[in-house]
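Asker: This is the structure, below, for whatever I ask next.
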There are 2 protein chains.
Amino acid sequence: MNIAWIGIGVMGNSMAGHLLAAGHGVTVFTRTKSKAENLLRRGARWACSPREAAIDVETVCTMVGYPADVEAVILGPDGALQSMRRGSLLIDFTTSQPSLAAGIALAAAERGVPALDAPVSGGDIGAREARLSIMVGGDKAAFDHALPLFQCLGKTIVHQGPAGSGQHTKMVNQIMIAANMIGVCEGLLYALKAGLNPDMVLASVGSGAAASWSLANLYPRMLKEDYQPGFYVEHFIKDLQIALEETTRMNLDLPGLKLAHRLYAALKADGGARLGTQALILALERLNRPA
Amino acid sequence: MNIAWIGIGVMGNSMAGHLLAAGHGVTVFTRTKSKAENLLRRGARWACSPREAAIDVETVCTMVGYPADVEAVILGPDGALQSMRRGSLLIDFTTSQPSLAAGIALAAAERGVPALDAPVSGGDIGAREARLSIMVGGDKAAFDHALPLFQCLGKTIVHQGPAGSGQHTKMVNQIMIAANMIGVCEGLLYALKAGLNPDMVLASVGSGAAASWSLANLYPRMLKEDYQPGFYVEHFIKDLQIALEETTRMNLDLPGLKLAHRLYAALKADGGARLGTQALILALERLNRPA
């Protein structure tokens with residue numbers, strides 16, 4: 001299949017690489033060409049815009065940063081939709097607004113292009129190992145058609161419903177992570193303040209009712225004061241902001257989400273934008289530092 | 001070994017039963033004698049007070065409700081410490097105040113009795129299957145001495161440090177659970193409001209970075225509106241209150257813990273004291289119901 005891939009960040013690079021490895025023809029575009037060099041060496045073709053990349057391909061995949069980027073690379077004057085042919089397929093893997101996903105699906109349908117929103121979770125490791133969870137919204141027939149492609153990229157692939165449902169599902173994922181991160185950080189702070197040995201504490205609480213992915217994976221990094229990004233604070237804040245916008249629109253008050261957003265915003269204001277999400281403990285520590 | 005067991009609730013009943021099964025002589029006392037009948041039929045002896053139960057035994061175990069109960073059954077005029085002989089061992093399995101555990105250890109030491117605080121996690125199932133996590137504070141030699149007894153009751157048995165450290169570790173466990181419960185409930189509410197199928201959502205988010213014990217075990221019960229107690233709301237509130245007292249004492253501000261306590265208190269005020277902790281979703285639903 002001929003595929004266009006727009007957006008070669010850490011995630012997109014691994015994902016487009018899997019499609020190349022599976023024998024697909026891949027045309028790439030990304031803002032900074034150097035980031036695509038490894039793919040170009042492996043046979044990917046370069047395009048000078050999303051619009052150019054989308055010419056004569058069967059599927060266009062996008063994996064960019066913010067909703068504004070999604071809008072630009074798909075709906076903008078140089079966007080992919082300008083050149084996609086009828087019957088080709090559009091898949092946006094970016095975590096973005098459900099309402100934007102619905103709008104894109106409508107605009108694409110007018111041109112005879114089915115569109116899927118397909119945000120992922122699993123981070124850089126999940127992308128590299130093709131073990132992502134892919135949460136898909138949009139037309140079921142288009143989902144069925146795209147399934148072999150999804151299977152090159154992920155292990156858990158679920159059609160969640162109409163356009164926007166993939167994004168909504170990703171919001172559920174982020175809302176759950178957000179509050180749990182607060183709990184993991186607060187538990188660790190309590191342990192330190194109480195004079196416990198935090199490694200021994202993990203041995204006691206790590207496999208019972210307090211068990212979580214974040215406890216198993218991020219608490220040990222917090223202990224080592226390792227704030228290297230698995231997932232950037234600024235990207236998580238983007239996701240939490242989308243979730244907050246959606247809850248406002250749905251008239252839903254989620255105090256845990258609000259608290260997490262406030263704490264992460266404080267962390268970003270303090271210079272933590274490019275740290276990993278486990279750096280939340282720095283915001284809670286600062287909250288407890290004498291002024 | 002001859003053991004006294006004070007407090008035959010759901011947990012205590014299973015735990016004392018394991019000691020009987022292991023061939024120990026067990027003398028029991030609990031407020032409501034009928035709750036001990038199955039144990040008495042299996043050969044346990046009845047005592048009319050903690051003080052009477054503790055006469056001539058090598059180890060006294062307590063597993064009661066609130067810190068005030070712990071104080072009464074150990075330090076009170078009819079308490080076990082009144083009759084414990086020098087060199088016997090006191091183990092309190094109740095989740096209670098770290099400061100009370102330290103006070104008990106001091107009072108017991110004056111009588112030549114080492115004392116351990118040994119709160120557990122794992123719930124009624126963990127107690128029944130002898131798979132508890134037991135978090136132990138107190139003298140290390142006493143811990144080593146008690147280890148074979150602990151091994152009749154649990155799988156994860158960790159000495160956390162001096163008296164009170166077991167209780168502190170249990171607080172870490174509860175603090176982590178508290179915030180995560182908010183996340184699981186808020187994620188489910190969002191999913192429902194967004195019109196997603198919550199079973200499909202769980203398929204997407206259940207094994208990635210949002211994964212947790214509560215998501216795997218309690219989200220499905222929330223979906224079925226099954227609020228039967230695995231762990232009672234009123235007991236969880238007791239634990240959160242102890243944690244809040246300790247954080248106040250330590251001058252530690254944990255906003256997630258405070259939020260969870262507020263939500264659980266609202267649930268209790270609404271008649272939810274005897275529901276399971278997964279009923280937190282009712283408090284969040286109520287928060288979102290038009291007044």
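Residue names in the structure tokens use chain letters A, B, ... in the order shown, residue numbers from 1 in each chain, and ligand numbers from 1 in the order shown.
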Please identify all residues of chain B having at least one atom at most 7 Å from any atom of chain A, considering only C-alpha atoms, and return them as an NGL selection string.
Answerer: :B and (121-122 or 133 or 135 or 156 or 158 or 160 or 165 or 168-169 or 172-173 or 175-180 or 182-184 or 186-187 or 190-191 or 194 or 196 or 200-201 or 204-205 or 208-214 or 252-254 or 256 or 288)
Asker: As a PDB file with N, CA, C and O atoms, in the first residue's frame, please: every residue in stretch 160-246 of chain A that a backbone DSSP assignment puts in strand (DSSP E or B).
Answerer:
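File produced: result-v3.pdb:
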```pdb
ATOM      1  N   GLN A 160     -14.083   2.246  19.011  1.00  0.00           N
ATOM      2  CA  GLN A 160     -14.849   2.752  20.150  1.00  0.00           C
ATOM      3  C   GLN A 160     -16.183   3.373  19.762  1.00  0.00           C
ATOM      4  O   GLN A 160     -17.007   3.644  20.638  1.00  0.00           O
ATOM      5  N   GLY A 161     -16.397   3.635  18.481  1.00  0.00           N
ATOM      6  CA  GLY A 161     -17.660   4.260  18.078  1.00  0.00           C
ATOM      7  C   GLY A 161     -17.426   5.296  17.005  1.00  0.00           C
ATOM      8  O   GLY A 161     -16.402   5.266  16.315  1.00  0.00           O
ATOM      9  N   SER A 212      -0.456  -0.013  40.497  1.00  0.00           N
ATOM     10  CA  SER A 212      -0.795   0.668  39.244  1.00  0.00           C
ATOM     11  C   SER A 212       0.436   0.705  38.356  1.00  0.00           C
ATOM     12  O   SER A 212       1.562   0.525  38.826  1.00  0.00           O
ATOM     13  N   TYR A 232       6.179  13.858  27.922  1.00  0.00           N
ATOM     14  CA  TYR A 232       6.453  15.234  28.320  1.00  0.00           C
ATOM     15  C   TYR A 232       5.310  15.850  29.131  1.00  0.00           C
ATOM     16  O   TYR A 232       4.134  15.708  28.784  1.00  0.00           O
TER      17      TYR A 232
END
```
Asker: With a distance cut-off of 10 Å and only C-alpha atoms, select the neighbouring residues of B:Phe143, excluding the residue or stretch itself and same-chain residues fewer than 3 positions from it, and output the selection as a list in words.
Answerer: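 The contact residues come out as Leu89, Ile91, Pro114, Ala115, Leu116, Asp117, Ala118, Val136, Gly137, Gly138, Asp139, Lys140, Ala146, Leu147, Pro148, Leu149, Phe150, Ile157, Val158, His159 and Gly161 of chain B.
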Asker: Can you check which residues of stretch 39-272 of chain B DSSP gives as alpha helix (DSSP H) on the backbone and send them as a ChimeraX atom specification?
Answerer: /B:39-41,50-53,67-75,98-110,123-128,140-151,165-193,198-205,213-217,219-223,233-250,255-267
Asker: Name the residues in contact with B:Ile74 at a cut-off of 9 Å, using only C-alpha atoms, excluding same-chain residues fewer than 6 positions from it; report them as a PyMOL selection string.
Answerer: chain B and resi 50-51+62+80-82+90+92+104
Asker: Could you please determine the separation between atom CA of B:Ala127 and atom CA of B:Ile242 in Å, to one decimal place?
Answerer: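 Between these atoms lies a distance of 22.6 Å.
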Asker: With a distance cut-off of 10 Å and only C-alpha atoms, select the neighbouring residues of A:Gly103, excluding the residue or stretch itself and same-chain residues fewer than 3 positions from it, and output the selection as number ranges by chain.
Answerer: A: 71, 75, 97-100, 106-109, 163-164
Asker: With a distance cut-off of 7 Å and only C-alpha atoms, select the neighbouring residues of B:Ser96, excluding the residue or stretch itself and same-chain residues fewer than 2 positions from it, and output the selection as a list in words.
Answerer: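 So the residues in contact are Tyr66, Pro67, Thr94, Pro98 and Gln167 of chain B.
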Asker: Got time to write the residues from that selection, all heavy atoms, as a PDB file, in the first residue's frame?
Answerer:
```pdb
ATOM      1  N   TYR B  66     -11.390   0.724  65.301  1.00  0.00           N
ATOM      2  CA  TYR B  66     -10.898   2.094  65.333  1.00  0.00           C
ATOM      3  C   TYR B  66      -9.755   2.223  66.338  1.00  0.00           C
ATOM      4  O   TYR B  66      -9.598   1.367  67.208  1.00  0.00           O
ATOM      5  CB  TYR B  66     -12.059   3.029  65.688  1.00  0.00           C
ATOM      6  CG  TYR B  66     -13.084   3.097  64.580  1.00  0.00           C
ATOM      7  CD1 TYR B  66     -14.075   2.124  64.462  1.00  0.00           C
ATOM      8  CD2 TYR B  66     -13.040   4.118  63.635  1.00  0.00           C
ATOM      9  CE1 TYR B  66     -15.002   2.174  63.429  1.00  0.00           C
ATOM     10  CE2 TYR B  66     -13.963   4.174  62.601  1.00  0.00           C
ATOM     11  CZ  TYR B  66     -14.941   3.206  62.495  1.00  0.00           C
ATOM     12  OH  TYR B  66     -15.836   3.252  61.467  1.00  0.00           O
ATOM     13  N   PRO B  67      -8.981   3.297  66.231  1.00  0.00           N
ATOM     14  CA  PRO B  67      -7.901   3.506  67.201  1.00  0.00           C
ATOM     15  C   PRO B  67      -8.404   3.417  68.654  1.00  0.00           C
ATOM     16  O   PRO B  67      -7.711   2.855  69.502  1.00  0.00           O
ATOM     17  CB  PRO B  67      -7.393   4.915  66.859  1.00  0.00           C
ATOM     18  CG  PRO B  67      -7.635   5.036  65.392  1.00  0.00           C
ATOM     19  CD  PRO B  67      -8.934   4.322  65.148  1.00  0.00           C
ATOM     20  N   THR B  94      -4.673  -4.105  63.376  1.00  0.00           N
ATOM     21  CA  THR B  94      -5.612  -3.048  63.008  1.00  0.00           C
ATOM     22  C   THR B  94      -4.901  -1.916  62.264  1.00  0.00           C
ATOM     23  O   THR B  94      -3.765  -1.587  62.590  1.00  0.00           O
ATOM     24  CB  THR B  94      -6.226  -2.438  64.292  1.00  0.00           C
ATOM     25  OG1 THR B  94      -6.555  -3.493  65.201  1.00  0.00           O
ATOM     26  CG2 THR B  94      -7.459  -1.604  63.987  1.00  0.00           C
ATOM     27  N   PRO B  98      -0.201   5.767  63.689  1.00  0.00           N
ATOM     28  CA  PRO B  98       1.223   5.513  63.942  1.00  0.00           C
ATOM     29  C   PRO B  98       1.641   5.951  65.354  1.00  0.00           C
ATOM     30  O   PRO B  98       2.414   5.257  66.015  1.00  0.00           O
ATOM     31  CB  PRO B  98       1.933   6.357  62.874  1.00  0.00           C
ATOM     32  CG  PRO B  98       0.927   6.488  61.774  1.00  0.00           C
ATOM     33  CD  PRO B  98      -0.411   6.524  62.430  1.00  0.00           C
ATOM     34  N   GLN B 167       2.142   1.181  60.376  1.00  0.00           N
ATOM     35  CA  GLN B 167       0.983   2.063  60.181  1.00  0.00           C
ATOM     36  C   GLN B 167       1.278   3.140  59.134  1.00  0.00           C
ATOM     37  O   GLN B 167       0.433   3.441  58.291  1.00  0.00           O
ATOM     38  CB  GLN B 167       0.589   2.726  61.510  1.00  0.00           C
ATOM     39  CG  GLN B 167       0.150   1.735  62.599  1.00  0.00           C
ATOM     40  CD  GLN B 167      -1.095   0.943  62.233  1.00  0.00           C
ATOM     41  OE1 GLN B 167      -1.772   1.222  61.238  1.00  0.00           O
ATOM     42  NE2 GLN B 167      -1.396  -0.078  63.024  1.00  0.00           N
TER      43      GLN B 167
END
```
Asker: Grab the atom CA of A:Ala4 to atom CA of A:Asn38 distance for me, in Å with one decimal place.
Answerer: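 The value is 16.1 Å.
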Asker: If we count only C-alpha atoms, what is near B:Leu240 at a cut-off of 7 Å, once residues fewer than 4 positions away on the same chain are taken out, given as a list in words?
Answerer: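 The contact residues come out as Phe236, Leu244 and His261 of chain B.
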Asker: Atoms to include: N, CA and C atoms. Write the selected residues as a PDB file, in the first residue's frame.
Answerer:
```
ATOM      1  N   PHE B 236     -12.599   3.120  55.261  1.00  0.00           N
ATOM      2  CA  PHE B 236     -11.642   3.864  54.434  1.00  0.00           C
ATOM      3  C   PHE B 236     -11.553   5.309  54.932  1.00  0.00           C
ATOM      4  N   LEU B 244      -4.755  12.099  57.295  1.00  0.00           N
ATOM      5  CA  LEU B 244      -4.840  13.566  57.365  1.00  0.00           C
ATOM      6  C   LEU B 244      -4.259  14.093  58.670  1.00  0.00           C
ATOM      7  N   HIS B 261     -10.802  12.620  50.804  1.00  0.00           N
ATOM      8  CA  HIS B 261     -11.489  12.602  52.096  1.00  0.00           C
ATOM      9  C   HIS B 261     -12.804  13.362  52.018  1.00  0.00           C
TER      10      HIS B 261
END
```
Asker: Taking only C-alpha atoms into account, which of A:Arg249, A:Gln228, A:Arg111, A:Ile237 comes nearest A:Gly276?
Answerer: A:Gln228
Asker: Atom CA of A:Cys152 and atom CA of A:Glu52, how far apart in Å?
Answerer: 24.4 Å
